[in-house]
Amino acid sequence: EQIIMEGFASDDFKATPALDLLFVLDSSGSLRGVNGSATDPHNARSRGAIKLIEKFPSNADVRFGVVDFDGTASLLAPLSPDRRQAIKAIETLDQSGTTNISLGIDLANSELVHHGRMNALKVAILFTDGQQPLHGSHYGEEFDFDPSVIEESAKEGIIIHVLSLGEDTDQINLKEIAQRTGGCYNSSQDSVHLLEAFDKLNPFPAGLERVILESENGAIRQEVSLFSGHFRASLPLSPGPNLIQATATSLRGESAVGQILVIRKPMEERNLRI
């Protein structure tokens with residue numbers, strides 16, 4: 001018989017499993033391109049973002065939201081625990097218009113500041129190819145960036161992870177966005193590598209090297225994978241009491257232990273309700 005164990009771990013004792021996560025996604029025309037110049041012909045932007053949402057455990061205390069920006073910015077999905085709402089919003093994204101990253105971040109700041117939870121970590125995932133159309137058919141103009149929106153993000157404790165696509169992005173400003181807010185920066189040359197970047201992205205790096213689950217009698221020892229501090233594992237149960245211990249080890253080599261006692265009763269002693 002198996003038991004599903006889920007938990008949260010971090011190297012910061014002040015850390016909270018609550019997360020307010022906002023996707024800030026470029027929908028400019030350079031993604032679609034003209035005459036074979038598309039930066040994202042297979043829509044890796046949307047596929048990667050949706051896959052990232054689906055990686056969170058079903059019981060994770062996460063609210064998702066979506067900001068769409070090109071020459072303007074709009075809130076397609078306000079922060080909500082309903083992940084289907086966010087996924088549907090991402091599925092409606094188009095590929096047209098110019099690029100104004102500052103507007104996208106400014107709207108993200110407003111949503112996270114005014115509607116984010118006090119006890120939640122506030123994170124934005126910014127995706128852009130950093131290109132602005134010229135005369136509707138050529139690409140490559142650098143966008144004008146307003147640094148004040150990043151100062152606002154940093155002041156409000158909003159972490160911004162940046163994923164850029166293509167060779168014509170303004171990497172200096174994009175790296176500055178990530179560094180100034182405590183986020184990470186990843187540059188992908190094509191849509192294949194962009195999917196990999198989304199897959200590797202950890203919205204909340206918990207600062208842990210590993211978490212190991214093991215039983216007191218040594219019958220169970222399993223290292224579990226971590227995603228934003230959350231872990232989930234299926235473990236076998238022996239008849240009678242099962243003392244299961246979780247040992248988390250930080251990147252600094254420090255360890256902490258948590259325990260739970262699970263008693264497996266014989267089938268005939270269980271109170272079954274139908």
# chains A, B, ... in the order shown; residues from 1 in each chain; ligands from 1

$ select_by_dssp --residues "segment 56-139 of chain A" --states "helix (DSSP H, G or I)" --output "list in words"
Arg83, Arg84, Gln85, Ala86, Ile87, Lys88, Ala89, Ile90, Glu91, Ile101, Ser102, Leu103, Gly104, Ile105, Asp106, Leu107, Ala108, Asn109, Ser110, Glu111, Leu112, Val113, His114 and His115 of chain A

$ write_last_selection --atoms "N, CA, C and O atoms" --output "short mmCIF file (atom, residue, chain, number, x, y, z; two decimals), in the first residue's frame"
data_model
loop_
_atom_site.label_atom_id
_atom_site.label_comp_id
_atom_site.auth_asym_id
_atom_site.auth_seq_id
_atom_site.Cartn_x
_atom_site.Cartn_y
_atom_site.Cartn_z
N ARG A 83 -6.01 27.73 -11.62
CA ARG A 83 -4.97 27.67 -12.65
C ARG A 83 -5.55 27.53 -14.05
O ARG A 83 -4.91 27.92 -15.03
N ARG A 84 -6.74 26.99 -14.17
CA ARG A 84 -7.36 26.87 -15.48
C ARG A 84 -7.65 28.26 -16.07
O ARG A 84 -7.56 28.46 -17.27
N GLN A 85 -7.97 29.21 -15.21
CA GLN A 85 -8.21 30.58 -15.68
C GLN A 85 -6.94 31.15 -16.30
O GLN A 85 -6.99 31.78 -17.37
N ALA A 86 -5.81 30.93 -15.65
CA ALA A 86 -4.54 31.43 -16.18
C ALA A 86 -4.17 30.72 -17.49
O ALA A 86 -3.72 31.35 -18.44
N ILE A 87 -4.39 29.42 -17.53
CA ILE A 87 -4.05 28.65 -18.74
C ILE A 87 -4.90 29.11 -19.92
O ILE A 87 -4.41 29.31 -21.03
N LYS A 88 -6.20 29.32 -19.68
CA LYS A 88 -7.07 29.79 -20.76
C LYS A 88 -6.64 31.16 -21.25
O LYS A 88 -6.70 31.45 -22.46
N ALA A 89 -6.20 32.02 -20.33
CA ALA A 89 -5.74 33.35 -20.74
C ALA A 89 -4.49 33.25 -21.61
O ALA A 89 -4.36 33.94 -22.63
N ILE A 90 -3.58 32.37 -21.24
CA ILE A 90 -2.36 32.19 -22.02
C ILE A 90 -2.68 31.64 -23.41
O ILE A 90 -2.07 32.02 -24.41
N GLU A 91 -3.67 30.77 -23.47
CA GLU A 91 -4.06 30.19 -24.76
C GLU A 91 -4.65 31.22 -25.71
O GLU A 91 -4.69 30.99 -26.92
N ILE A 101 7.96 46.82 -22.79
CA ILE A 101 8.16 46.00 -21.59
C ILE A 101 7.82 46.77 -20.33
O ILE A 101 7.26 46.20 -19.37
N SER A 102 8.12 48.06 -20.31
CA SER A 102 7.86 48.87 -19.12
C SER A 102 6.38 48.83 -18.73
O SER A 102 6.04 48.73 -17.55
N LEU A 103 5.49 48.91 -19.74
CA LEU A 103 4.07 48.86 -19.44
C LEU A 103 3.67 47.52 -18.84
O LEU A 103 2.84 47.45 -17.93
N GLY A 104 4.25 46.43 -19.35
CA GLY A 104 3.94 45.12 -18.81
C GLY A 104 4.36 44.98 -17.36
O GLY A 104 3.60 44.47 -16.52
N ILE A 105 5.56 45.44 -17.04
CA ILE A 105 6.04 45.35 -15.67
C ILE A 105 5.23 46.26 -14.75
O ILE A 105 4.91 45.90 -13.61
N ASP A 106 4.90 47.45 -15.23
CA ASP A 106 4.14 48.39 -14.42
C ASP A 106 2.78 47.81 -14.04
O ASP A 106 2.33 47.93 -12.89
N LEU A 107 2.11 47.15 -14.99
CA LEU A 107 0.82 46.54 -14.69
C LEU A 107 0.99 45.36 -13.74
O LEU A 107 0.16 45.14 -12.85
N ALA A 108 2.07 44.60 -13.91
CA ALA A 108 2.35 43.49 -13.00
C ALA A 108 2.57 44.00 -11.58
O ALA A 108 2.07 43.42 -10.60
N ASN A 109 3.34 45.09 -11.45
CA ASN A 109 3.55 45.69 -10.13
C ASN A 109 2.23 46.05 -9.48
O ASN A 109 1.99 45.76 -8.30
N SER A 110 1.35 46.68 -10.25
CA SER A 110 0.07 47.12 -9.71
C SER A 110 -0.76 45.94 -9.21
O SER A 110 -1.35 45.99 -8.12
N GLU A 111 -0.81 44.87 -10.01
CA GLU A 111 -1.61 43.70 -9.60
C GLU A 111 -1.04 43.04 -8.36
O GLU A 111 -1.78 42.68 -7.43
N LEU A 112 0.27 42.88 -8.30
CA LEU A 112 0.90 42.20 -7.17
C LEU A 112 0.85 43.05 -5.90
O LEU A 112 0.67 42.53 -4.80
N VAL A 113 0.98 44.36 -6.04
CA VAL A 113 0.96 45.25 -4.88
C VAL A 113 -0.45 45.39 -4.32
O VAL A 113 -0.67 45.30 -3.10
N HIS A 114 -1.42 45.59 -5.19
CA HIS A 114 -2.79 45.88 -4.73
C HIS A 114 -3.62 44.63 -4.48
O HIS A 114 -4.60 44.69 -3.71
N HIS A 115 -3.27 43.51 -5.11
CA HIS A 115 -4.08 42.31 -4.95
C HIS A 115 -3.29 41.09 -4.49
O HIS A 115 -3.85 40.01 -4.33
#

$ residues_around --residues "Pro239 of chain A" --least-positions-apart "2" --cutoff "10 Å" --atoms "only C-alpha atoms" --output "PyMOL selection string"
chain A and resi 1+237+241-242+262-266

$ atom_distance --atom1 "atom CA of Gly258 of chain A" --atom2 "atom CA of Ala9 of chain A"
9.9 Å

$ closest_residue --among "A:Gly207, A:Asp199, A:Ile244, A:Glu152" --to "Gln222 of chain A" --atoms "only C-alpha atoms"
A:Ile244

$ select_by_dssp --residues "segment 71-191 of chain A" --states "strand (DSSP E)" --output "ChimeraX atom specification"
/A:73-80,121-128,132-134,138-141,159-165,185-188

$ residues_around --residues "Phe231 of chain A" --least-positions-apart "6" --cutoff "7 Å" --atoms "only C-alpha atoms" --output "list in words"
Glu6, Gly7, Phe8, Val224 and Ser225 of chain A

$ atom_distance --atom1 "atom CA of Ser164 of chain A" --atom2 "atom CA of Thr72 of chain A"
18.8 Å

$ atom_distance --atom1 "atom CA of Pro203 of chain A" --atom2 "atom CA of Leu165 of chain A"
18.5 Å

$ residues_around --residues "Leu75 of chain A" --least-positions-apart "6" --cutoff "7 Å" --atoms "only C-alpha atoms" --output "short mmCIF file (atom, residue, chain, number, x, y, z; two decimals) with all heavy atoms, in the first residue's frame"
data_model
loop_
_atom_site.label_atom_id
_atom_site.label_comp_id
_atom_site.auth_asym_id
_atom_site.auth_seq_id
_atom_site.Cartn_x
_atom_site.Cartn_y
_atom_site.Cartn_z
N VAL A 66 -2.02 36.57 -15.31
CA VAL A 66 -1.40 36.74 -16.63
C VAL A 66 -1.54 38.19 -17.10
O VAL A 66 -2.65 38.74 -17.13
CB VAL A 66 -2.03 35.81 -17.68
CG1 VAL A 66 -1.36 36.01 -19.04
CG2 VAL A 66 -1.93 34.35 -17.25
N VAL A 67 -0.40 38.80 -17.45
CA VAL A 67 -0.36 40.11 -18.09
C VAL A 67 0.13 39.92 -19.52
O VAL A 67 1.14 39.26 -19.77
CB VAL A 67 0.57 41.08 -17.35
CG1 VAL A 67 0.84 42.33 -18.19
CG2 VAL A 67 -0.03 41.46 -16.00
N ASP A 68 -0.59 40.49 -20.46
CA ASP A 68 -0.24 40.46 -21.89
C ASP A 68 0.25 41.85 -22.27
O ASP A 68 -0.43 42.85 -22.00
CB ASP A 68 -1.48 40.06 -22.69
CG ASP A 68 -1.35 40.35 -24.18
OD1 ASP A 68 -0.22 40.40 -24.70
OD2 ASP A 68 -2.40 40.56 -24.82
#

$ residues_around --residues "Ala44 of chain A" --least-positions-apart "2" --cutoff "8 Å" --atoms "only C-alpha atoms" --output "ChimeraX atom specification"
/A:40-42,46-48,191-192,194-195

$ write_last_selection --atoms "C-alpha atoms" --output "mmCIF file, in the first residue's frame"
data_model
loop_
_atom_site.group_PDB
_atom_site.id
_atom_site.type_symbol
_atom_site.label_atom_id
_atom_site.label_comp_id
_atom_site.auth_asym_id
_atom_site.auth_seq_id
_atom_site.Cartn_x
_atom_site.Cartn_y
_atom_site.Cartn_z
ATOM 1 C CA ASP A 40 8.654 31.915 -31.906
ATOM 2 C CA PRO A 41 7.012 30.078 -34.819
ATOM 3 C CA HIS A 42 5.877 27.150 -32.640
ATOM 4 C CA SER A 46 2.561 29.772 -24.345
ATOM 5 C CA ARG A 47 3.422 26.081 -24.218
ATOM 6 C CA GLY A 48 6.264 26.677 -21.772
ATOM 7 C CA SER A 191 11.979 28.320 -29.365
ATOM 8 C CA VAL A 192 13.341 24.832 -28.617
ATOM 9 C CA LEU A 194 12.950 28.500 -24.703
ATOM 10 C CA LEU A 195 10.874 25.456 -23.761
#

$ residues_around --residues "Ser96 of chain A" --least-positions-apart "4" --cutoff "8 Å" --atoms "only C-alpha atoms" --output "VMD selection string"
chain A and resid 27 to 32 70

$ closest_residue --among "A:Lys51, A:Ile220, A:Phe127, A:His161" --to "Ala233 of chain A" --atoms "only C-alpha atoms"
A:Ile220
